[in-house]
Amino acid sequence: MDKVSIKSNQHILIFAEHKNGIGYVIKRKESDELVTLYNTVEPLYVCIRTFAGRIENFCAPYKSAKKIGQNIVASGQVYTSSGSVYAFTDTFSVREDGNGFHMSRHVVVVDSKDDQAFFTRISFGLAQSGDPRAYNFFGPGAWYQQNQLAPEHFMGHDLDLDYHWYMETRFALPFLAMQHISDGNTIIISRAKADIGYYDGSQPSRLSSSNREFSAGSLGISRPGGLSIDYVYPSTEAGSQRMFDRYAGKHGLWDVLFPAKKFSYRFHPAETGFSQNYDINISFAKETDYKILMKETWRYFVDLFAPKLAEVNNRDLLDETIKFLDPFCRNWVENEWGFPSAWHLATGEINDIMHQFGFVGQQPGLANMFIRYGIRYNRPDLIQKGKNVIDFWVNESMMDWGLPNIWYETDPPHFRMDHPIFIRMLCDGMENIIDAYAFLRQHNEEMDHWLDFCKSVGNWLVENANQDGSWYRAYNATDSSVYNNAKSNTISAVRFLVQLYLVTGEEKYKKTAVRAGEWSYEHIYKSMEYIGGTCDNESILDREAGIYAFFGFLSLYDLTSDPKWLEATIGAADYTETWTMMWSYPVYVTMHPHSYEKGDLSGQSFIATGHSAIDLYMAACSYIYYRLYLITGDEHYLYFAKFCHKNPRQFTDIDGSIGYKYRGMTHEASTCFDQVQNRGNSCVLFCTYIQIEPIIRFLDTFGMHEIEDIEKLSLDERKKMNQIYQGYGTAVKKH
């Protein structure tokens, strides 16, 4: 046959005959020559499960490829060992925006013999190198570079494995990019659109399941037969044993009797007449700078999937959340005020009363919000409750070696000495105490004992910084010895020190903050080591490390106007947003009532590498992304700020329509990448804090709840308001 081809910019998709049939090649025009980048000799692939339970793989080339109008239609058949026949018809076209190709696949089980179930695969062989270490990867919210900062069992970490296939629902957007490190040639495979169907998850899942309702695919790579980037349909997964069994290798005799698998199979039934229909996009880029590739690829797919902004009234959300929390802020034991840490969504029953200084507890954080809300809306009762909470920590938590204990239990009443002092959790509370102090000072009220407390902690940070300007991740509460020697949480202390400097004018706090920023610029921003942000995970790549880098670098830029800190702020912001679900798919809800019954996951975000759990933490970021938009003029940050201000908050029961016990409740983390809800039946305290804190910041800075209303002000006026450290903690308001 004559070669047939279609062209998209510099890339040409060519169908050529070889001795066994027809395959395809993708070449890129480089100067005056065509360079082969991707080559697949046998594009047709079927994996079957026989009635005997055996797994068998079969490949074949196309038998024909014809140019029909602007499209190429290629077809062929795969025959299995049992005599079953699978007919393939693949249609290729140039994408409407000109960036790459669209592929539509139709597979029919023409004749099923002894096959019980099957899945198929689309592959593009990597011609430049067969070594996966020659490539960096980008699967948003899960797979960054070569995932060496992820847990050992997680996707992409062990590149010696033959297969890395993972459900596209594990990604913040359904695509995987594969960048050739040396020259930047990049291929991106993606689901064509967010059209995954409903799946009845009432039956327990197994490591080998067949269901005609499966409509999600998997993204990844495989090595047998030559390295390729793959789209697998339906969503069979393959990787390390611990990816699918967290206890693999730890069962002893159980491991011998029932060895863990490296595959989690999802099949369609191999019934005569059954058909598969699915579509993917194949896109390209050429960029050697991974940060630029990540940013541009992410933004491209955000625009492509274009998730709608949820309809959320943030004034109502703020009011209802305060109403919900108000009666629960109380004196639990003598001299101790605080909030419960968790409630059951359906019954309102308190699940836990432990009080944490930060992280999932955010006791001083919510106290600060009560004070600010109380002053704005003339609620002296809330102001006093907020003061009572902070007074407890200031008066009772300080240990003799210089830092406060950060975890208090009420039954029996005691501070936990067995729990380490995480720098991130410590500074969550400290930021809010110095911030509440500065706010009350501006309203003619001095809380000197709060300031003394903050200075004590600030002095410890100054005196105990490492020679390179960093701190360790955590210290033992008993004696201040190092509990975890990772340094990646260093940036978490910067904003507290900046604000302490602004209040006191003491240069040592500024100097220490800048030195910590310098270390973080080199070791976090430049190397993309956003690790250890969540205190309940190891020092692994995660979302909150990016958020806290955003907080810290932005505070240094606000303080100094040094473009270096703006560069690092933008880097942290660009990384952090890639953890956010910007698409959705149906979920089988296992707990009622639940916000997932509304059927939209957009605005949830992945927490960390290792487990694919999601929550609504990106609600915390609407204010800082909007501030970054005003600083840079980048319209994407405006859109993303609006998204963060709306979509993560759609999971809160503002008006009673979801059916939780109290309005203002929302759910904590869940996993649902397999389209079945797991967990997420509690309202945890931090979930309320991260939602109302940005709303109150918008009110304090711009005087309005909604970004759309703020945008009606002149740009000059908004930029002036955005100078948030002007007079911070010093300008006394006259009454």
# chains A, B, ... in the order shown; residues from 1 in each chain; ligands from 1
>>> closest_atom_pairs(of="region 161-229 of chain A", to="region 571-595 of chain A", cutoff="12 Å", atoms="only C-alpha atoms", output="Markdown table")
| residue | atom | partner | partner_atom | distance |
| --- | --- | --- | --- | --- |
| A:Glu168 | CA | A:Tyr585 | CA | 10.6 |
| A:Thr169 | CA | A:Tyr585 | CA | 8.0 |
| A:Arg170 | CA | A:Met581 | CA | 9.7 |
| A:Phe171 | CA | A:Met581 | CA | 7.7 |
| A:Ala172 | CA | A:Met581 | CA | 4.3 |
| A:Leu173 | CA | A:Met582 | CA | 6.1 |
| A:Pro174 | CA | A:Trp583 | CA | 8.3 |
| A:Phe175 | CA | A:Trp583 | CA | 11.5 |
| A:Arg191 | CA | A:Trp583 | CA | 11.2 |
| A:Ala192 | CA | A:Trp583 | CA | 11.9 |
| A:Lys193 | CA | A:Trp583 | CA | 9.1 |
| A:Ala194 | CA | A:Trp583 | CA | 6.5 |
| A:Asp195 | CA | A:Tyr585 | CA | 7.2 |
| A:Ile196 | CA | A:Tyr585 | CA | 5.7 |
| A:Gly197 | CA | A:Pro586 | CA | 6.5 |
| A:Tyr198 | CA | A:Pro586 | CA | 5.3 |
| A:Tyr199 | CA | A:Tyr588 | CA | 6.8 |
| A:Asp200 | CA | A:Tyr588 | CA | 6.2 |
| A:Gly201 | CA | A:Tyr588 | CA | 5.6 |
| A:Ser202 | CA | A:Tyr588 | CA | 7.6 |
| A:Gln203 | CA | A:Tyr588 | CA | 10.6 |
| A:Pro204 | CA | A:Thr590 | CA | 11.7 |
| A:Glu213 | CA | A:Pro586 | CA | 11.9 |
| A:Phe214 | CA | A:Pro586 | CA | 11.5 |
| A:Ser215 | CA | A:Tyr585 | CA | 10.2 |
| A:Ala216 | CA | A:Tyr585 | CA | 9.1 |
>>> write_last_selection(atoms="N, CA and C atoms", output="PDB file, in the first residue's frame")
ATOM      1  N   GLU A 168      -6.999   6.754  35.130  1.00  0.00           N
ATOM      2  CA  GLU A 168      -6.956   8.191  34.839  1.00  0.00           C
ATOM      3  C   GLU A 168      -7.676   8.998  35.907  1.00  0.00           C
ATOM      4  N   THR A 169      -8.528   8.353  36.684  1.00  0.00           N
ATOM      5  CA  THR A 169      -9.222   9.018  37.779  1.00  0.00           C
ATOM      6  C   THR A 169      -8.308   9.291  38.964  1.00  0.00           C
ATOM      7  N   ARG A 170      -7.079   8.796  38.922  1.00  0.00           N
ATOM      8  CA  ARG A 170      -6.076   9.137  39.939  1.00  0.00           C
ATOM      9  C   ARG A 170      -5.377  10.460  39.622  1.00  0.00           C
ATOM     10  N   PHE A 171      -5.731  11.094  38.504  1.00  0.00           N
ATOM     11  CA  PHE A 171      -5.052  12.309  38.069  1.00  0.00           C
ATOM     12  C   PHE A 171      -5.995  13.505  38.144  1.00  0.00           C
ATOM     13  N   ALA A 172      -5.419  14.675  38.421  1.00  0.00           N
ATOM     14  CA  ALA A 172      -6.219  15.894  38.545  1.00  0.00           C
ATOM     15  C   ALA A 172      -6.854  16.295  37.222  1.00  0.00           C
ATOM     16  N   LEU A 173      -6.239  15.953  36.128  1.00  0.00           N
ATOM     17  CA  LEU A 173      -6.825  15.973  34.789  1.00  0.00           C
ATOM     18  C   LEU A 173      -6.339  14.700  34.097  1.00  0.00           C
ATOM     19  N   PRO A 174      -7.144  14.089  33.222  1.00  0.00           N
ATOM     20  CA  PRO A 174      -6.817  12.750  32.719  1.00  0.00           C
ATOM     21  C   PRO A 174      -5.799  12.753  31.587  1.00  0.00           C
ATOM     22  N   PHE A 175      -4.545  13.063  31.920  1.00  0.00           N
ATOM     23  CA  PHE A 175      -3.491  13.000  30.907  1.00  0.00           C
ATOM     24  C   PHE A 175      -2.180  12.596  31.549  1.00  0.00           C
ATOM     25  N   ARG A 191      -7.407  11.419  27.898  1.00  0.00           N
ATOM     26  CA  ARG A 191      -8.803  11.143  27.578  1.00  0.00           C
ATOM     27  C   ARG A 191      -9.330  12.341  26.808  1.00  0.00           C
ATOM     28  N   ALA A 192     -10.197  12.094  25.835  1.00  0.00           N
ATOM     29  CA  ALA A 192     -10.641  13.183  24.967  1.00  0.00           C
ATOM     30  C   ALA A 192     -11.554  14.167  25.686  1.00  0.00           C
ATOM     31  N   LYS A 193     -12.410  13.681  26.574  1.00  0.00           N
ATOM     32  CA  LYS A 193     -13.293  14.574  27.323  1.00  0.00           C
ATOM     33  C   LYS A 193     -13.773  13.878  28.589  1.00  0.00           C
ATOM     34  N   ALA A 194     -14.367  14.656  29.469  1.00  0.00           N
ATOM     35  CA  ALA A 194     -14.806  14.136  30.770  1.00  0.00           C
ATOM     36  C   ALA A 194     -16.164  13.472  30.626  1.00  0.00           C
ATOM     37  N   ASP A 195     -16.172  12.258  30.089  1.00  0.00           N
ATOM     38  CA  ASP A 195     -17.436  11.579  29.815  1.00  0.00           C
ATOM     39  C   ASP A 195     -17.482  10.169  30.399  1.00  0.00           C
ATOM     40  N   ILE A 196     -16.793   9.955  31.515  1.00  0.00           N
ATOM     41  CA  ILE A 196     -16.869   8.659  32.181  1.00  0.00           C
ATOM     42  C   ILE A 196     -18.301   8.432  32.660  1.00  0.00           C
ATOM     43  N   GLY A 197     -18.799   7.224  32.454  1.00  0.00           N
ATOM     44  CA  GLY A 197     -20.166   6.899  32.833  1.00  0.00           C
ATOM     45  C   GLY A 197     -20.277   6.396  34.257  1.00  0.00           C
ATOM     46  N   TYR A 198     -21.515   6.245  34.707  1.00  0.00           N
ATOM     47  CA  TYR A 198     -21.793   5.745  36.056  1.00  0.00           C
ATOM     48  C   TYR A 198     -21.448   4.265  36.141  1.00  0.00           C
ATOM     49  N   TYR A 199     -20.960   3.871  37.299  1.00  0.00           N
ATOM     50  CA  TYR A 199     -20.631   2.470  37.556  1.00  0.00           C
ATOM     51  C   TYR A 199     -21.245   2.079  38.898  1.00  0.00           C
ATOM     52  N   ASP A 200     -22.018   1.036  38.927  1.00  0.00           N
ATOM     53  CA  ASP A 200     -22.640   0.541  40.155  1.00  0.00           C
ATOM     54  C   ASP A 200     -21.579  -0.151  40.997  1.00  0.00           C
ATOM     55  N   GLY A 201     -21.138   0.524  42.025  1.00  0.00           N
ATOM     56  CA  GLY A 201     -20.070  -0.014  42.864  1.00  0.00           C
ATOM     57  C   GLY A 201     -20.560  -0.781  44.067  1.00  0.00           C
ATOM     58  N   SER A 202     -21.772  -1.285  44.018  1.00  0.00           N
ATOM     59  CA  SER A 202     -22.336  -1.968  45.180  1.00  0.00           C
ATOM     60  C   SER A 202     -21.674  -3.313  45.451  1.00  0.00           C
ATOM     61  N   GLN A 203     -21.076  -3.908  44.420  1.00  0.00           N
ATOM     62  CA  GLN A 203     -20.394  -5.181  44.613  1.00  0.00           C
ATOM     63  C   GLN A 203     -18.941  -4.937  45.018  1.00  0.00           C
ATOM     64  N   PRO A 204     -18.418  -5.737  45.944  1.00  0.00           N
ATOM     65  CA  PRO A 204     -17.025  -5.542  46.363  1.00  0.00           C
ATOM     66  C   PRO A 204     -16.074  -5.644  45.177  1.00  0.00           C
ATOM     67  N   GLU A 213     -20.098  -1.962  32.591  1.00  0.00           N
ATOM     68  CA  GLU A 213     -20.253  -0.541  32.896  1.00  0.00           C
ATOM     69  C   GLU A 213     -18.926   0.201  33.013  1.00  0.00           C
ATOM     70  N   PHE A 214     -17.810  -0.502  33.104  1.00  0.00           N
ATOM     71  CA  PHE A 214     -16.521   0.175  33.228  1.00  0.00           C
ATOM     72  C   PHE A 214     -16.313   1.098  32.027  1.00  0.00           C
ATOM     73  N   SER A 215     -16.036   2.376  32.291  1.00  0.00           N
ATOM     74  CA  SER A 215     -15.808   3.304  31.177  1.00  0.00           C
ATOM     75  C   SER A 215     -14.622   4.225  31.410  1.00  0.00           C
ATOM     76  N   ALA A 216     -13.900   4.025  32.507  1.00  0.00           N
ATOM     77  CA  ALA A 216     -12.659   4.762  32.733  1.00  0.00           C
ATOM     78  C   ALA A 216     -11.499   3.983  32.126  1.00  0.00           C
TER      79      ALA A 216
END
>>> select_by_dssp(residues="region 542-637 of chain A", states="alpha helix (DSSP H)", output="ChimeraX atom specification")
/A:543-560,563-577,622-632,635-637
>>> closest_residue(among="A:Asn405, A:Ser714, A:Gln145, A:Thr186", to="Leu37 (chain A)", atoms="only C-alpha atoms")
A:Thr186
>>> closest_atom_pairs(of="region 199-248 of chain A", to="region 110-132 of chain A", cutoff="6 Å", atoms="only C-alpha atoms", output="JSON lines")
{"residue": "A:Leu227", "atom": "CA", "partner": "A:Gly130", "partner_atom": "CA", "distance": 5.1}
{"residue": "A:Ser228", "atom": "CA", "partner": "A:Gly125", "partner_atom": "CA", "distance": 4.1}
{"residue": "A:Ile229", "atom": "CA", "partner": "A:Phe124", "partner_atom": "CA", "distance": 5.4}
{"residue": "A:Asp230", "atom": "CA", "partner": "A:Ser123", "partner_atom": "CA", "distance": 4.5}
{"residue": "A:Tyr231", "atom": "CA", "partner": "A:Ile122", "partner_atom": "CA", "distance": 5.1}
{"residue": "A:Val232", "atom": "CA", "partner": "A:Arg121", "partner_atom": "CA", "distance": 4.4}
{"residue": "A:Tyr233", "atom": "CA", "partner": "A:Thr120", "partner_atom": "CA", "distance": 5.4}
{"residue": "A:Pro234", "atom": "CA", "partner": "A:Phe119", "partner_atom": "CA", "distance": 5.9}
>>> residues_around(residues="region 492-499 of chain A", least_positions_apart="2", cutoff="7 Å", atoms="only C-alpha atoms", output="JSON, numbers by chain")
{"A": [423, 424, 427, 430, 431, 458, 489, 490, 501, 502, 503, 509, 510, 513, 516, 517, 548, 549, 551, 552, 555]}
>>> closest_atom_pairs(of="region 205-318 of chain A", to="region 598-613 of chain A", cutoff="12 Å", atoms="only C-alpha atoms", output="tab-separated table")
residue	atom	partner	partner_atom	distance
A:Ser240	CA	A:Gly610	CA	11.6
A:Arg242	CA	A:Gly610	CA	10.0
A:Met243	CA	A:Gly610	CA	8.1
A:Phe244	CA	A:His611	CA	10.0
A:Asp245	CA	A:His611	CA	11.3
A:Arg246	CA	A:His611	CA	9.8
A:Val302	CA	A:Ser602	CA	11.6
A:Phe305	CA	A:Ser602	CA	11.1
A:Ala306	CA	A:Ser602	CA	10.7
A:Pro307	CA	A:Ser602	CA	7.3
A:Lys308	CA	A:Ser602	CA	8.7
A:Leu309	CA	A:Ser602	CA	9.0
A:Ala310	CA	A:Ser602	CA	8.7
A:Glu311	CA	A:Asp600	CA	12.0
>>> write_last_selection(atoms="N, CA and C atoms", output="PDB file, in the first residue's frame")
ATOM      1  N   SER A 240       3.671  -1.730  41.448  1.00  0.00           N
ATOM      2  CA  SER A 240       4.250  -2.521  42.528  1.00  0.00           C
ATOM      3  C   SER A 240       3.146  -3.250  43.287  1.00  0.00           C
ATOM      4  N   ARG A 242       2.618  -3.361  46.446  1.00  0.00           N
ATOM      5  CA  ARG A 242       2.049  -2.553  47.530  1.00  0.00           C
ATOM      6  C   ARG A 242       1.121  -1.463  47.007  1.00  0.00           C
ATOM      7  N   MET A 243       1.126  -1.213  45.717  1.00  0.00           N
ATOM      8  CA  MET A 243       0.168  -0.266  45.153  1.00  0.00           C
ATOM      9  C   MET A 243      -1.250  -0.790  45.317  1.00  0.00           C
ATOM     10  N   PHE A 244      -1.402  -2.095  45.295  1.00  0.00           N
ATOM     11  CA  PHE A 244      -2.726  -2.707  45.347  1.00  0.00           C
ATOM     12  C   PHE A 244      -2.975  -3.486  46.637  1.00  0.00           C
ATOM     13  N   ASP A 245      -1.914  -3.685  47.422  1.00  0.00           N
ATOM     14  CA  ASP A 245      -2.046  -4.324  48.730  1.00  0.00           C
ATOM     15  C   ASP A 245      -1.011  -3.688  49.642  1.00  0.00           C
ATOM     16  N   ARG A 246      -1.471  -2.783  50.509  1.00  0.00           N
ATOM     17  CA  ARG A 246      -0.531  -2.019  51.331  1.00  0.00           C
ATOM     18  C   ARG A 246       0.277  -2.898  52.278  1.00  0.00           C
ATOM     19  N   VAL A 302      -6.434  22.540  31.273  1.00  0.00           N
ATOM     20  CA  VAL A 302      -7.468  23.269  32.021  1.00  0.00           C
ATOM     21  C   VAL A 302      -8.396  23.982  31.047  1.00  0.00           C
ATOM     22  N   PHE A 305     -10.586  21.259  29.128  1.00  0.00           N
ATOM     23  CA  PHE A 305     -11.688  20.662  29.889  1.00  0.00           C
ATOM     24  C   PHE A 305     -12.625  21.720  30.461  1.00  0.00           C
ATOM     25  N   ALA A 306     -12.121  22.931  30.666  1.00  0.00           N
ATOM     26  CA  ALA A 306     -12.919  24.108  31.027  1.00  0.00           C
ATOM     27  C   ALA A 306     -14.011  23.817  32.054  1.00  0.00           C
ATOM     28  N   PRO A 307     -13.634  23.421  33.260  1.00  0.00           N
ATOM     29  CA  PRO A 307     -14.665  23.141  34.267  1.00  0.00           C
ATOM     30  C   PRO A 307     -15.442  24.401  34.638  1.00  0.00           C
ATOM     31  N   LYS A 308     -16.733  24.237  34.824  1.00  0.00           N
ATOM     32  CA  LYS A 308     -17.581  25.372  35.166  1.00  0.00           C
ATOM     33  C   LYS A 308     -17.399  25.748  36.633  1.00  0.00           C
ATOM     34  N   LEU A 309     -17.564  27.038  36.909  1.00  0.00           N
ATOM     35  CA  LEU A 309     -17.534  27.489  38.293  1.00  0.00           C
ATOM     36  C   LEU A 309     -18.827  27.068  38.982  1.00  0.00           C
ATOM     37  N   ALA A 310     -18.689  26.524  40.177  1.00  0.00           N
ATOM     38  CA  ALA A 310     -19.861  26.124  40.952  1.00  0.00           C
ATOM     39  C   ALA A 310     -20.592  27.364  41.460  1.00  0.00           C
ATOM     40  N   GLU A 311     -21.861  27.196  41.724  1.00  0.00           N
ATOM     41  CA  GLU A 311     -22.665  28.284  42.276  1.00  0.00           C
ATOM     42  C   GLU A 311     -22.640  28.184  43.801  1.00  0.00           C
TER      43      GLU A 311
END
